[in-house]
>>> print(open('final_29.cif').read())   # mmCIF, C-alpha atoms
data_data
#
loop_
_atom_site.group_PDB
_atom_site.id
_atom_site.type_symbol
_atom_site.label_atom_id
_atom_site.label_comp_id
_atom_site.auth_asym_id
_atom_site.auth_seq_id
_atom_site.Cartn_x
_atom_site.Cartn_y
_atom_site.Cartn_z
ATOM 1 C CA MET D 16 54.740 51.348 20.242
ATOM 2 C CA ARG D 17 54.878 53.344 23.428
ATOM 3 C CA ARG D 18 55.701 51.191 26.441
ATOM 4 C CA TYR D 19 53.023 50.858 29.135
ATOM 5 C CA GLN D 20 54.151 48.794 32.098
ATOM 6 C CA GLU D 21 52.446 48.286 35.460
ATOM 7 C CA PRO D 22 52.828 45.719 38.257
ATOM 8 C CA ASP D 23 50.134 43.482 36.755
ATOM 9 C CA ALA D 24 50.335 44.370 33.047
ATOM 10 C CA ASP D 25 52.834 45.081 30.276
ATOM 11 C CA ASN D 26 52.032 45.914 26.656
ATOM 12 C CA ALA D 27 55.343 44.346 25.588
ATOM 13 C CA ARG D 28 53.390 41.072 25.791
ATOM 14 C CA TRP D 29 52.067 41.901 22.306
ATOM 15 C CA ASP D 30 55.595 41.427 20.929
ATOM 16 C CA GLY D 31 55.753 38.459 18.576
ATOM 17 C CA PHE D 32 52.003 37.900 18.457
ATOM 18 C CA ALA D 33 50.912 36.537 15.073
ATOM 19 C CA PHE D 34 47.852 38.471 13.936
ATOM 20 C CA ARG D 35 45.260 37.191 11.498
ATOM 21 C CA PRO D 36 43.117 39.295 9.163
ATOM 22 C CA GLY D 37 39.884 40.144 10.967
ATOM 23 C CA ASP D 38 41.309 40.010 14.496
ATOM 24 C CA VAL D 39 39.596 42.420 16.877
ATOM 25 C CA ILE D 40 41.214 44.352 19.733
ATOM 26 C CA VAL D 41 38.807 45.696 22.365
ATOM 27 C CA SER D 42 40.558 48.445 24.300
ATOM 28 C CA ALA D 43 39.270 50.712 27.067
ATOM 29 C CA PRO D 44 40.385 52.222 30.352
ATOM 30 C CA SER D 45 39.421 50.044 33.308
ATOM 31 C CA LYS D 46 35.774 50.246 34.433
ATOM 32 C CA SER D 47 34.694 51.841 31.174
ATOM 33 C CA GLY D 48 32.862 48.965 29.499
ATOM 34 C CA THR D 49 35.600 46.583 28.336
ATOM 35 C CA THR D 50 33.875 43.395 29.494
ATOM 36 C CA TRP D 51 30.497 44.608 28.243
ATOM 37 C CA THR D 52 32.010 45.184 24.801
ATOM 38 C CA GLN D 53 33.768 41.811 24.819
ATOM 39 C CA LEU D 54 30.406 40.206 25.576
ATOM 40 C CA LEU D 55 28.785 42.077 22.677
ATOM 41 C CA VAL D 56 31.542 40.944 20.296
ATOM 42 C CA ALA D 57 31.162 37.351 21.522
ATOM 43 C CA LEU D 58 27.404 37.467 20.900
ATOM 44 C CA LEU D 59 28.119 38.609 17.334
ATOM 45 C CA VAL D 60 30.917 36.133 16.639
ATOM 46 C CA PHE D 61 28.927 33.156 17.930
ATOM 47 C CA ASP D 62 25.502 34.534 16.925
ATOM 48 C CA GLY D 63 24.064 33.934 20.369
ATOM 49 C CA PRO D 64 24.883 33.338 24.030
ATOM 50 C CA GLU D 65 26.293 29.819 23.679
ATOM 51 C CA PHE D 66 30.060 30.238 23.846
ATOM 52 C CA PRO D 67 32.597 27.396 23.525
ATOM 53 C CA ALA D 68 34.583 28.616 26.553
ATOM 54 C CA PRO D 69 34.423 31.272 29.290
ATOM 55 C CA LEU D 70 34.728 34.825 27.965
ATOM 56 C CA GLY D 71 38.096 35.320 29.665
ATOM 57 C CA GLU D 72 39.522 32.408 27.645
ATOM 58 C CA LEU D 73 37.864 33.400 24.389
ATOM 59 C CA SER D 74 39.069 36.974 24.793
ATOM 60 C CA PRO D 75 42.113 37.071 27.090
ATOM 61 C CA TRP D 76 43.622 40.290 28.390
ATOM 62 C CA MET D 77 46.877 40.246 26.462
ATOM 63 C CA GLU D 78 48.835 42.619 28.731
ATOM 64 C CA ALA D 79 47.909 40.923 32.026
ATOM 65 C CA LYS D 80 50.654 39.028 33.820
ATOM 66 C CA PHE D 81 48.147 36.639 35.415
ATOM 67 C CA SER D 82 49.052 33.891 32.910
ATOM 68 C CA PRO D 83 52.381 33.034 31.240
ATOM 69 C CA LEU D 84 52.733 34.886 27.941
ATOM 70 C CA GLU D 85 53.453 31.725 25.944
ATOM 71 C CA GLU D 86 50.250 30.186 27.283
ATOM 72 C CA VAL D 87 48.158 33.159 26.131
ATOM 73 C CA HIS D 88 49.726 33.173 22.655
ATOM 74 C CA ARG D 89 49.186 29.408 22.311
ATOM 75 C CA LEU D 90 45.567 29.725 23.445
ATOM 76 C CA LEU D 91 44.890 32.336 20.774
ATOM 77 C CA ALA D 92 46.788 30.384 18.100
ATOM 78 C CA ARG D 93 44.513 27.373 18.710
ATOM 79 C CA GLN D 94 41.314 29.379 18.258
ATOM 80 C CA GLY D 95 39.542 28.654 14.982
ATOM 81 C CA HIS D 96 36.839 31.286 15.402
ATOM 82 C CA ARG D 97 37.293 34.986 14.788
ATOM 83 C CA ARG D 98 39.551 36.233 17.561
ATOM 84 C CA PHE D 99 38.821 39.210 19.802
ATOM 85 C CA ILE D 100 41.384 40.236 22.388
ATOM 86 C CA LYS D 101 41.052 42.425 25.459
ATOM 87 C CA SER D 102 43.376 45.353 26.086
ATOM 88 C CA HIS D 103 43.729 48.209 28.555
ATOM 89 C CA THR D 104 46.428 49.877 26.438
ATOM 90 C CA PRO D 105 46.021 53.187 24.553
ATOM 91 C CA LEU D 106 46.213 53.046 20.766
ATOM 92 C CA ASP D 107 49.778 54.406 20.717
ATOM 93 C CA GLY D 108 50.880 51.318 22.638
ATOM 94 C CA LEU D 109 49.166 48.705 20.438
ATOM 95 C CA PRO D 110 50.485 47.006 17.292
ATOM 96 C CA LEU D 111 48.765 48.685 14.345
ATOM 97 C CA HIS D 112 47.697 46.566 11.373
ATOM 98 C CA PRO D 113 45.229 47.588 8.651
ATOM 99 C CA GLU D 114 43.602 44.142 8.692
ATOM 100 C CA VAL D 115 42.868 44.331 12.460
ATOM 101 C CA ARG D 116 39.710 45.983 13.808
ATOM 102 C CA TYR D 117 40.149 48.273 16.819
ATOM 103 C CA VAL D 118 37.211 48.909 19.158
ATOM 104 C CA CYS D 119 37.493 51.516 21.905
ATOM 105 C CA VAL D 120 34.822 52.153 24.528
ATOM 106 C CA GLY D 121 34.707 55.226 26.737
ATOM 107 C CA ARG D 122 32.861 56.261 29.871
ATOM 108 C CA ASP D 123 32.557 59.427 31.889
ATOM 109 C CA PRO D 124 35.816 59.228 33.914
ATOM 110 C CA ARG D 125 34.013 60.440 37.032
ATOM 111 C CA ASP D 126 31.631 57.477 36.934
ATOM 112 C CA ALA D 127 34.508 55.116 36.158
ATOM 113 C CA ALA D 128 36.388 56.434 39.207
ATOM 114 C CA VAL D 129 33.518 55.596 41.558
ATOM 115 C CA SER D 130 33.121 52.196 39.924
ATOM 116 C CA MET D 131 36.821 51.526 40.470
ATOM 117 C CA LEU D 132 36.412 52.088 44.204
ATOM 118 C CA HIS D 133 33.872 49.250 44.368
ATOM 119 C CA HIS D 134 35.931 47.139 41.969
ATOM 120 C CA ALA D 135 39.019 47.399 44.179
ATOM 121 C CA ALA D 136 37.036 46.473 47.288
ATOM 122 C CA ASN D 137 35.891 43.266 45.573
ATOM 123 C CA MET D 138 39.371 42.218 44.483
ATOM 124 C CA ASP D 139 41.339 39.534 46.337
ATOM 125 C CA ARG D 140 44.700 41.301 46.367
ATOM 126 C CA GLN D 141 46.510 38.348 47.904
ATOM 127 C CA ARG D 142 45.443 36.151 44.984
ATOM 128 C CA VAL D 143 46.410 38.800 42.409
ATOM 129 C CA ALA D 144 49.825 39.170 44.022
ATOM 130 C CA GLU D 145 50.339 35.411 43.836
ATOM 131 C CA LEU D 146 49.474 35.356 40.140
ATOM 132 C CA VAL D 147 51.895 38.156 39.203
ATOM 133 C CA GLY D 148 54.657 36.985 41.550
ATOM 134 C CA GLN D 149 54.619 39.879 43.979
ATOM 135 C CA THR D 150 54.002 40.480 47.650
ATOM 136 C CA ALA D 151 50.488 41.649 48.449
ATOM 137 C CA ARG D 152 50.217 45.094 49.995
ATOM 138 C CA THR D 153 47.442 46.176 52.292
ATOM 139 C CA PRO D 154 45.419 48.784 50.388
ATOM 140 C CA GLU D 155 44.896 52.205 51.890
ATOM 141 C CA GLN D 156 41.457 52.820 53.332
ATOM 142 C CA ARG D 157 40.112 55.916 51.590
ATOM 143 C CA SER D 158 36.835 57.749 51.659
ATOM 144 C CA VAL D 159 35.068 58.448 48.363
ATOM 145 C CA GLU D 160 36.312 62.043 48.530
ATOM 146 C CA GLU D 161 39.924 60.939 49.077
ATOM 147 C CA HIS D 162 39.658 58.404 46.275
ATOM 148 C CA ILE D 163 38.368 61.020 43.838
ATOM 149 C CA ASP D 164 41.107 63.463 44.931
ATOM 150 C CA ARG D 165 43.754 60.873 44.079
ATOM 151 C CA PHE D 166 42.070 60.154 40.754
ATOM 152 C CA ILE D 167 41.943 63.835 39.739
ATOM 153 C CA GLU D 168 45.439 64.770 40.871
ATOM 154 C CA GLY D 169 47.295 61.639 39.794
ATOM 155 C CA ASP D 170 49.812 62.168 37.005
ATOM 156 C CA GLN D 171 51.322 58.713 36.527
ATOM 157 C CA LEU D 172 51.090 57.331 33.006
ATOM 158 C CA PRO D 173 50.186 54.501 32.969
ATOM 159 C CA GLY D 174 48.166 54.326 36.131
ATOM 160 C CA TRP D 175 44.622 54.762 37.358
ATOM 161 C CA ASN D 176 43.984 58.484 37.241
ATOM 162 C CA LEU D 177 42.199 61.118 35.188
ATOM 163 C CA ARG D 178 45.256 61.875 33.088
ATOM 164 C CA SER D 179 45.741 58.249 32.048
ATOM 165 C CA VAL D 180 42.042 57.685 31.275
ATOM 166 C CA ALA D 181 41.796 60.833 29.143
ATOM 167 C CA HIS D 182 45.053 59.981 27.365
ATOM 168 C CA HIS D 183 43.835 56.470 26.570
ATOM 169 C CA LEU D 184 40.589 57.686 25.027
ATOM 170 C CA HIS D 185 42.232 60.606 23.253
ATOM 171 C CA THR D 186 44.654 58.320 21.383
ATOM 172 C CA PHE D 187 41.654 56.583 19.813
ATOM 173 C CA TRP D 188 39.768 59.847 19.284
ATOM 174 C CA GLN D 189 42.668 61.190 17.247
ATOM 175 C CA ASP D 190 42.433 58.165 14.901
ATOM 176 C CA ARG D 191 38.628 57.901 14.948
ATOM 177 C CA LYS D 192 38.373 58.445 11.173
ATOM 178 C CA ALA D 193 40.604 55.477 10.354
ATOM 179 C CA PRO D 194 38.506 52.768 8.650
ATOM 180 C CA ASN D 195 39.520 50.104 11.155
ATOM 181 C CA VAL D 196 38.980 52.176 14.334
ATOM 182 C CA GLU D 197 35.593 52.734 15.976
ATOM 183 C CA LEU D 198 34.638 54.451 19.231
ATOM 184 C CA PHE D 199 31.743 53.404 21.456
ATOM 185 C CA HIS D 200 30.502 54.811 24.744
ATOM 186 C CA PHE D 201 28.994 53.420 27.938
ATOM 187 C CA ALA D 202 26.222 56.041 27.867
ATOM 188 C CA ASP D 203 25.211 55.008 24.351
ATOM 189 C CA TYR D 204 25.043 51.358 25.437
ATOM 190 C CA LEU D 205 22.662 52.378 28.223
ATOM 191 C CA ALA D 206 20.528 54.478 25.876
ATOM 192 C CA ASP D 207 20.234 52.086 22.920
ATOM 193 C CA LEU D 208 22.099 48.795 23.206
ATOM 194 C CA PRO D 209 20.514 47.189 20.098
ATOM 195 C CA GLY D 210 21.469 50.217 18.027
ATOM 196 C CA GLN D 211 25.045 50.168 19.311
ATOM 197 C CA LEU D 212 25.227 46.435 18.663
ATOM 198 C CA ARG D 213 24.319 47.099 15.032
ATOM 199 C CA ARG D 214 27.071 49.748 14.872
ATOM 200 C CA LEU D 215 29.525 47.232 16.268
ATOM 201 C CA ALA D 216 28.389 44.551 13.826
ATOM 202 C CA ALA D 217 28.833 46.958 10.915
ATOM 203 C CA HIS D 218 32.362 47.807 12.068
ATOM 204 C CA LEU D 219 33.217 44.108 12.229
ATOM 205 C CA GLY D 220 31.532 43.331 8.903
ATOM 206 C CA ILE D 221 28.926 41.033 10.476
ATOM 207 C CA PRO D 222 25.377 41.211 9.030
ATOM 208 C CA LEU D 223 22.813 41.940 11.754
ATOM 209 C CA SER D 224 19.126 42.729 11.425
ATOM 210 C CA ALA D 225 17.340 45.044 13.843
ATOM 211 C CA GLN D 226 15.298 42.130 15.157
ATOM 212 C CA ARG D 227 18.374 39.979 15.784
ATOM 213 C CA ALA D 228 20.132 42.932 17.420
ATOM 214 C CA ARG D 229 17.313 43.259 19.930
ATOM 215 C CA ALA D 230 17.501 39.547 20.733
ATOM 216 C CA LEU D 231 21.275 39.603 21.216
ATOM 217 C CA ALA D 232 21.164 42.812 23.255
ATOM 218 C CA ALA D 233 18.841 41.086 25.731
ATOM 219 C CA GLU D 234 21.647 38.576 26.343
ATOM 220 C CA ALA D 235 23.979 41.403 27.353
ATOM 221 C CA SER D 236 21.889 42.963 30.120
ATOM 222 C CA ILE D 237 23.487 43.529 33.523
ATOM 223 C CA ASP D 238 21.177 40.976 35.137
ATOM 224 C CA THR D 239 22.036 38.327 32.552
ATOM 225 C CA ALA D 240 25.761 39.035 32.882
ATOM 226 C CA ARG D 241 25.539 38.815 36.680
ATOM 227 C CA HIS D 242 23.726 35.478 36.407
ATOM 228 C CA ARG D 243 26.505 34.221 34.093
ATOM 229 C CA ALA D 244 29.338 35.815 36.066
ATOM 230 C CA HIS D 245 31.269 32.544 36.367
ATOM 231 C CA GLU D 246 31.379 32.448 32.543
ATOM 232 C CA VAL D 247 31.781 36.103 31.570
ATOM 233 C CA ALA D 248 33.546 37.942 34.416
ATOM 234 C CA PRO D 249 37.259 38.618 33.750
ATOM 235 C CA ALA D 250 39.613 35.955 35.102
ATOM 236 C CA ALA D 251 36.659 34.260 36.805
ATOM 237 C CA LYS D 252 38.535 30.956 37.021
ATOM 238 C CA LEU D 253 41.587 32.527 38.634
ATOM 239 C CA GLY D 254 39.833 33.410 41.901
ATOM 240 C CA ILE D 255 40.720 37.102 41.935
ATOM 241 C CA TRP D 256 37.240 38.255 43.035
ATOM 242 C CA LYS D 257 35.754 37.970 46.488
ATOM 243 C CA ASP D 258 32.345 37.709 44.830
ATOM 244 C CA THR D 259 32.408 37.172 41.068
ATOM 245 C CA SER D 260 28.823 38.322 40.574
ATOM 246 C CA ARG D 261 29.648 41.680 42.198
ATOM 247 C CA PHE D 262 31.916 42.454 39.243
ATOM 248 C CA PHE D 263 28.732 43.361 37.377
ATOM 249 C CA ARG D 264 27.638 46.267 39.485
ATOM 250 C CA GLN D 265 24.774 48.497 38.343
ATOM 251 C CA GLY D 266 26.685 51.778 38.299
ATOM 252 C CA GLY D 267 24.594 53.783 35.878
ATOM 253 C CA ARG D 268 25.364 57.380 34.985
ATOM 254 C CA GLY D 269 26.009 60.477 37.065
ATOM 255 C CA GLU D 270 27.135 58.942 40.360
ATOM 256 C CA GLY D 271 30.659 60.280 39.867
ATOM 257 C CA PRO D 272 29.679 63.945 39.408
ATOM 258 C CA ARG D 273 27.191 63.669 42.281
ATOM 259 C CA ALA D 274 29.934 62.392 44.602
ATOM 260 C CA MET D 275 32.286 65.286 43.872
ATOM 261 C CA THR D 276 32.663 68.526 45.807
ATOM 262 C CA PRO D 277 32.621 71.924 44.041
ATOM 263 C CA ALA D 278 36.372 72.170 44.559
ATOM 264 C CA GLN D 279 36.879 68.771 42.952
ATOM 265 C CA HIS D 280 34.749 69.773 39.978
ATOM 266 C CA ALA D 281 36.925 72.845 39.499
ATOM 267 C CA ARG D 282 40.175 70.866 39.656
ATOM 268 C CA TYR D 283 38.740 68.177 37.392
ATOM 269 C CA ASP D 284 37.769 70.730 34.729
ATOM 270 C CA GLY D 285 41.189 72.311 35.000
ATOM 271 C CA GLN D 286 42.912 69.008 34.272
ATOM 272 C CA LEU D 287 40.968 68.671 31.012
ATOM 273 C CA SER D 288 41.289 72.284 29.875
ATOM 274 C CA ASP D 289 44.021 71.577 27.290
ATOM 275 C CA LEU D 290 42.007 68.873 25.485
ATOM 276 C CA PRO D 291 39.659 69.507 22.523
ATOM 277 C CA VAL D 292 36.188 70.547 23.654
ATOM 278 C CA ALA D 293 34.508 68.084 21.279
ATOM 279 C CA PHE D 294 36.579 65.231 22.697
ATOM 280 C CA VAL D 295 35.798 66.127 26.322
ATOM 281 C CA ARG D 296 32.097 66.360 25.478
ATOM 282 C CA TRP D 297 32.176 62.906 23.862
ATOM 283 C CA MET D 298 34.172 61.469 26.780
ATOM 284 C CA HIS D 299 31.455 62.612 29.179
ATOM 285 C CA GLU D 300 28.325 62.082 27.127
ATOM 286 C CA GLY D 301 29.006 59.764 24.198
ATOM 287 C CA GLY D 302 27.130 60.343 20.981
ATOM 288 C CA SER D 303 28.271 60.404 17.379
ATOM 289 C CA THR D 304 31.866 61.347 16.570
ATOM 290 C CA ALA D 305 31.333 61.355 12.804
ATOM 291 C CA SER D 306 30.978 65.121 12.408
ATOM 292 C CA GLU D 307 33.418 66.195 15.102
ATOM 293 C CA ASP D 308 36.442 67.869 13.532
ATOM 294 C CA ALA D 309 37.963 69.348 16.692
#
>>> encode(input="final_29.cif", output="structure tokens")
Amino acid sequence: MRRYQEPDADNARWDGFAFRPGDVIVSAPSKSGTTWTQLLVALLVFDGPEFPAPLGELSPWMEAKFSPLEEVHRLLARQGHRRFIKSHTPLDGLPLHPEVRYVCVGRDPRDAAVSMLHHAANMDRQRVAELVGQTARTPEQRSVEEHIDRFIEGDQLPGWNLRSVAHHLHTFWQDRKAPNVELFHFADYLADLPGQLRRLAAHLGIPLSAQRARALAAEASIDTARHRAHEVAPAAKLGIWKDTSRFFRQGGRGEGPRAMTPAQHARYDGQLSDLPVAFVRWMHEGGSTASEDA
């Protein structure tokens, strides 16, 4: 496993975790659809919107330092239902087991970058610092253009930048033909959520009719999630959000490219020039990966 360590997360927290056959790991770069996918898995596991605990407890973020590691492992050990665990770690930094199902979700990095700007503004940094045992730092005030510049030019891995997002998704893309790995995309959720829910159910081995998929998909709309924010937003009980409902922001598609200057578009394309064309196309647009051999 490659080591990925940040101030608030460390993939070494997977060390010693006792997996069970059928466990699910939901992994994505931040602001790419992780929580949405966790909600979809929960709707499948519990066959409806009635969950026995908040989503953040049912599906904890393993790498996060917000809670003591022993507490997270004990919480998961006590769960009798099928377990599904949140991750922001690329596939090369996760424990690999043939009996575990891996679910990756991607999003156009440009849209994710704009979403992150709003996400950061809604975060209570003092509270986060308290939880991870650090001193809170006053964040820099940046314009959208400055924020996107930093995102494009950043080269820290891990970190929040174009390089790290593309690397994360590419590790899953490279193993997309493995029987226990499946890729999903934010754009496909927006276009046909019931259809993507059926894909997810098939990957997890859960029978799901088209009619039931439509009913469950209605429980995963942005409006429904916002209404249930205290139950489904990440770490909702820990007080890390200024407004928990604002976590579920209606970002949509295309706001990232529209916010970028021509010069930024050129630099952005240059940063991705060494990656397979088919992968970059999927990363931006979604769609089937079954026939992509590049």
>>> atom_distance(input="final_29.cif", atom1="atom CA of Leu111 of chain D", atom2="atom CA of Thr52 of chain D")
20.1 Å
>>> atom_distance(input="final_29.cif", atom1="atom CA of Ala235 of chain D", atom2="atom CA of Phe187 of chain D")
24.5 Å
>>> residues_near_point(input="final_29.cif", point="(43.2, 31.7, 43.0)", cutoff="6 Å", atoms="all atoms listed in the file", output="JSON, numbers by chain")
{"D": [142, 253, 254]}
>>> write_last_selection(input="final_29.cif", atoms="C-alpha atoms", output="mmCIF file, keeping the file's coordinate frame")
data_model
loop_
_atom_site.group_PDB
_atom_site.id
_atom_site.type_symbol
_atom_site.label_atom_id
_atom_site.label_comp_id
_atom_site.auth_asym_id
_atom_site.auth_seq_id
_atom_site.Cartn_x
_atom_site.Cartn_y
_atom_site.Cartn_z
ATOM 1 C CA ARG D 142 45.443 36.151 44.984
ATOM 2 C CA LEU D 253 41.587 32.527 38.634
ATOM 3 C CA GLY D 254 39.833 33.410 41.901
#
>>> axis_aligned_box(input="final_29.cif", around="segment 46-60 of chain D", padding_each_side="5 Å", output="JSON")
{"center_x": 31.6, "center_y": 44.0, "center_z": 25.5, "size_x": 18.4, "size_y": 25.7, "size_z": 27.8}
>>> closest_residue(input="final_29.cif", among="D:Ala79, D:Leu219, D:Leu54, D:Leu231", to="Asp38 of chain D", atoms="all atoms listed in the file")
D:Leu219
>>> closest_residue(input="final_29.cif", among="D:Ala33, D:Val41, D:Leu205, D:Ala240", to="Glu300 of chain D", atoms="only C-alpha atoms")
D:Leu205
>>> residues_near_point(input="final_29.cif", point="(41.2, 49.1, 14.1)", cutoff="10 Å", atoms="all atoms listed in the file", output="PyMOL selection string")
chain D and resi 37-41+106+111-119+187+190-191+193-198+218-219
>>> closest_residue(input="final_29.cif", among="D:Trp188, D:Phe34, D:Phe166, D:Trp29", to="Phe294 of chain D", atoms="only C-alpha atoms")
D:Trp188
>>> closest_residue(input="final_29.cif", among="D:Arg227, D:Val159, D:Trp51, D:Asp139", to="Arg273 of chain D", atoms="all atoms listed in the file")
D:Val159
>>> residues_around(input="final_29.cif", residues="Arg122 of chain D", least_positions_apart="4", cutoff="6 Å", atoms="all atoms listed in the file", output="PyMOL selection string")
chain D and resi 47+200-201
>>> closest_atom_pairs(input="final_29.cif", of="segment 83-199 of chain D", to="segment 66-71 of chain D", cutoff="12 Å", atoms="only C-alpha atoms", output="tab-separated table")
residue	atom	partner	partner_atom	distance
D:Val87	CA	D:Gly71	CA	10.9
D:Leu90	CA	D:Gly71	CA	11.2
D:Leu91	CA	D:Gly71	CA	11.6
D:Gln94	CA	D:Pro67	CA	10.4
D:Gly95	CA	D:Pro67	CA	11.1
D:His96	CA	D:Pro67	CA	10.0
D:Arg98	CA	D:Leu70	CA	11.6
D:Phe99	CA	D:Leu70	CA	10.1
D:Ile100	CA	D:Gly71	CA	9.4
D:Lys101	CA	D:Gly71	CA	8.8
D:Ser102	CA	D:Gly71	CA	11.9
>>> atom_distance(input="final_29.cif", atom1="atom CA of Arg140 of chain D", atom2="atom CA of Gln279 of chain D")
28.8 Å
>>> residues_around(input="final_29.cif", residues="Glu21 of chain D", least_positions_apart="4", cutoff="12 Å", atoms="only C-alpha atoms", output="number ranges by chain")
D: 25-27, 78-80, 103-104, 147, 171-175
>>> resolve_selection(input="final_29.cif", expression="the PyMOL selection byres ((chain D and resi 107) around 8)", output="count of residues only")
7
>>> decode(input="final_29.cif", residues="segment 157-226 of chain D", atoms="C-alpha atoms", output="mmCIF file, in the first residue's frame")
data_model
loop_
_atom_site.group_PDB
_atom_site.id
_atom_site.type_symbol
_atom_site.label_atom_id
_atom_site.label_comp_id
_atom_site.auth_asym_id
_atom_site.auth_seq_id
_atom_site.Cartn_x
_atom_site.Cartn_y
_atom_site.Cartn_z
ATOM 1 C CA ARG D 157 -8.813 33.652 -2.716
ATOM 2 C CA SER D 158 -10.857 34.613 -5.718
ATOM 3 C CA VAL D 159 -12.305 31.850 -7.896
ATOM 4 C CA GLU D 160 -9.529 32.476 -10.427
ATOM 5 C CA GLU D 161 -6.813 32.192 -7.761
ATOM 6 C CA HIS D 162 -8.402 29.050 -6.363
ATOM 7 C CA ILE D 163 -8.485 27.398 -9.784
ATOM 8 C CA ASP D 164 -4.863 28.453 -10.439
ATOM 9 C CA ARG D 165 -3.777 26.699 -7.247
ATOM 10 C CA PHE D 166 -5.811 23.629 -8.168
ATOM 11 C CA ILE D 167 -4.283 23.357 -11.659
ATOM 12 C CA GLU D 168 -0.687 24.040 -10.668
ATOM 13 C CA GLY D 169 -0.565 22.100 -7.408
ATOM 14 C CA ASP D 170 1.726 19.077 -7.446
ATOM 15 C CA GLN D 171 1.430 17.714 -3.910
ATOM 16 C CA LEU D 172 0.359 14.086 -3.671
ATOM 17 C CA PRO D 173 -1.753 13.672 -1.623
ATOM 18 C CA GLY D 174 -3.417 17.040 -1.583
ATOM 19 C CA TRP D 175 -6.270 18.904 -3.210
ATOM 20 C CA ASN D 176 -5.117 19.595 -6.742
ATOM 21 C CA LEU D 177 -5.606 18.401 -10.301
ATOM 22 C CA ARG D 178 -2.687 15.996 -10.133
ATOM 23 C CA SER D 179 -4.004 14.230 -7.034
ATOM 24 C CA VAL D 180 -7.584 13.997 -8.347
ATOM 25 C CA ALA D 181 -6.479 12.564 -11.700
ATOM 26 C CA HIS D 182 -4.108 10.137 -9.973
ATOM 27 C CA HIS D 183 -6.863 8.915 -7.657
ATOM 28 C CA LEU D 184 -9.266 8.194 -10.502
ATOM 29 C CA HIS D 185 -6.575 6.747 -12.746
ATOM 30 C CA THR D 186 -5.612 4.103 -10.164
ATOM 31 C CA PHE D 187 -9.169 2.762 -10.350
ATOM 32 C CA TRP D 188 -9.357 3.178 -14.130
ATOM 33 C CA GLN D 189 -6.302 0.970 -14.522
ATOM 34 C CA ASP D 190 -8.061 -1.827 -12.576
ATOM 35 C CA ARG D 191 -11.544 -1.191 -13.996
ATOM 36 C CA LYS D 192 -11.758 -4.701 -15.496
ATOM 37 C CA ALA D 193 -11.213 -6.423 -12.151
ATOM 38 C CA PRO D 194 -14.432 -8.227 -11.135
ATOM 39 C CA ASN D 195 -14.610 -6.472 -7.775
ATOM 40 C CA VAL D 196 -13.924 -2.916 -9.033
ATOM 41 C CA GLU D 197 -16.554 -0.654 -10.595
ATOM 42 C CA LEU D 198 -16.396 2.979 -11.707
ATOM 43 C CA PHE D 199 -19.297 5.422 -11.523
ATOM 44 C CA HIS D 200 -19.533 9.077 -12.484
ATOM 45 C CA PHE D 201 -21.306 12.161 -11.160
ATOM 46 C CA ALA D 202 -22.546 13.049 -14.657
ATOM 47 C CA ASP D 203 -24.143 9.621 -15.059
ATOM 48 C CA TYR D 204 -25.913 10.018 -11.707
ATOM 49 C CA LEU D 205 -27.368 13.306 -12.952
ATOM 50 C CA ALA D 206 -28.431 11.785 -16.273
ATOM 51 C CA ASP D 207 -29.988 8.526 -15.048
ATOM 52 C CA LEU D 208 -29.845 7.873 -11.314
ATOM 53 C CA PRO D 209 -32.189 4.831 -11.371
ATOM 54 C CA GLY D 210 -30.074 3.233 -14.080
ATOM 55 C CA GLN D 211 -26.854 3.866 -12.165
ATOM 56 C CA LEU D 212 -28.464 2.510 -9.009
ATOM 57 C CA ARG D 213 -29.191 -0.728 -10.864
ATOM 58 C CA ARG D 214 -25.541 -0.850 -11.997
ATOM 59 C CA LEU D 215 -24.448 -0.381 -8.407
ATOM 60 C CA ALA D 216 -26.851 -3.056 -7.174
ATOM 61 C CA ALA D 217 -25.529 -5.497 -9.773
ATOM 62 C CA HIS D 218 -21.943 -4.816 -8.688
ATOM 63 C CA LEU D 219 -22.890 -5.495 -5.071
ATOM 64 C CA GLY D 220 -24.952 -8.577 -5.942
ATOM 65 C CA ILE D 221 -28.219 -7.047 -4.707
ATOM 66 C CA PRO D 222 -31.366 -7.817 -6.762
ATOM 67 C CA LEU D 223 -33.121 -4.613 -7.850
ATOM 68 C CA SER D 224 -36.035 -4.165 -10.223
ATOM 69 C CA ALA D 225 -36.387 -1.091 -12.420
ATOM 70 C CA GLN D 226 -39.459 -0.022 -10.467
#
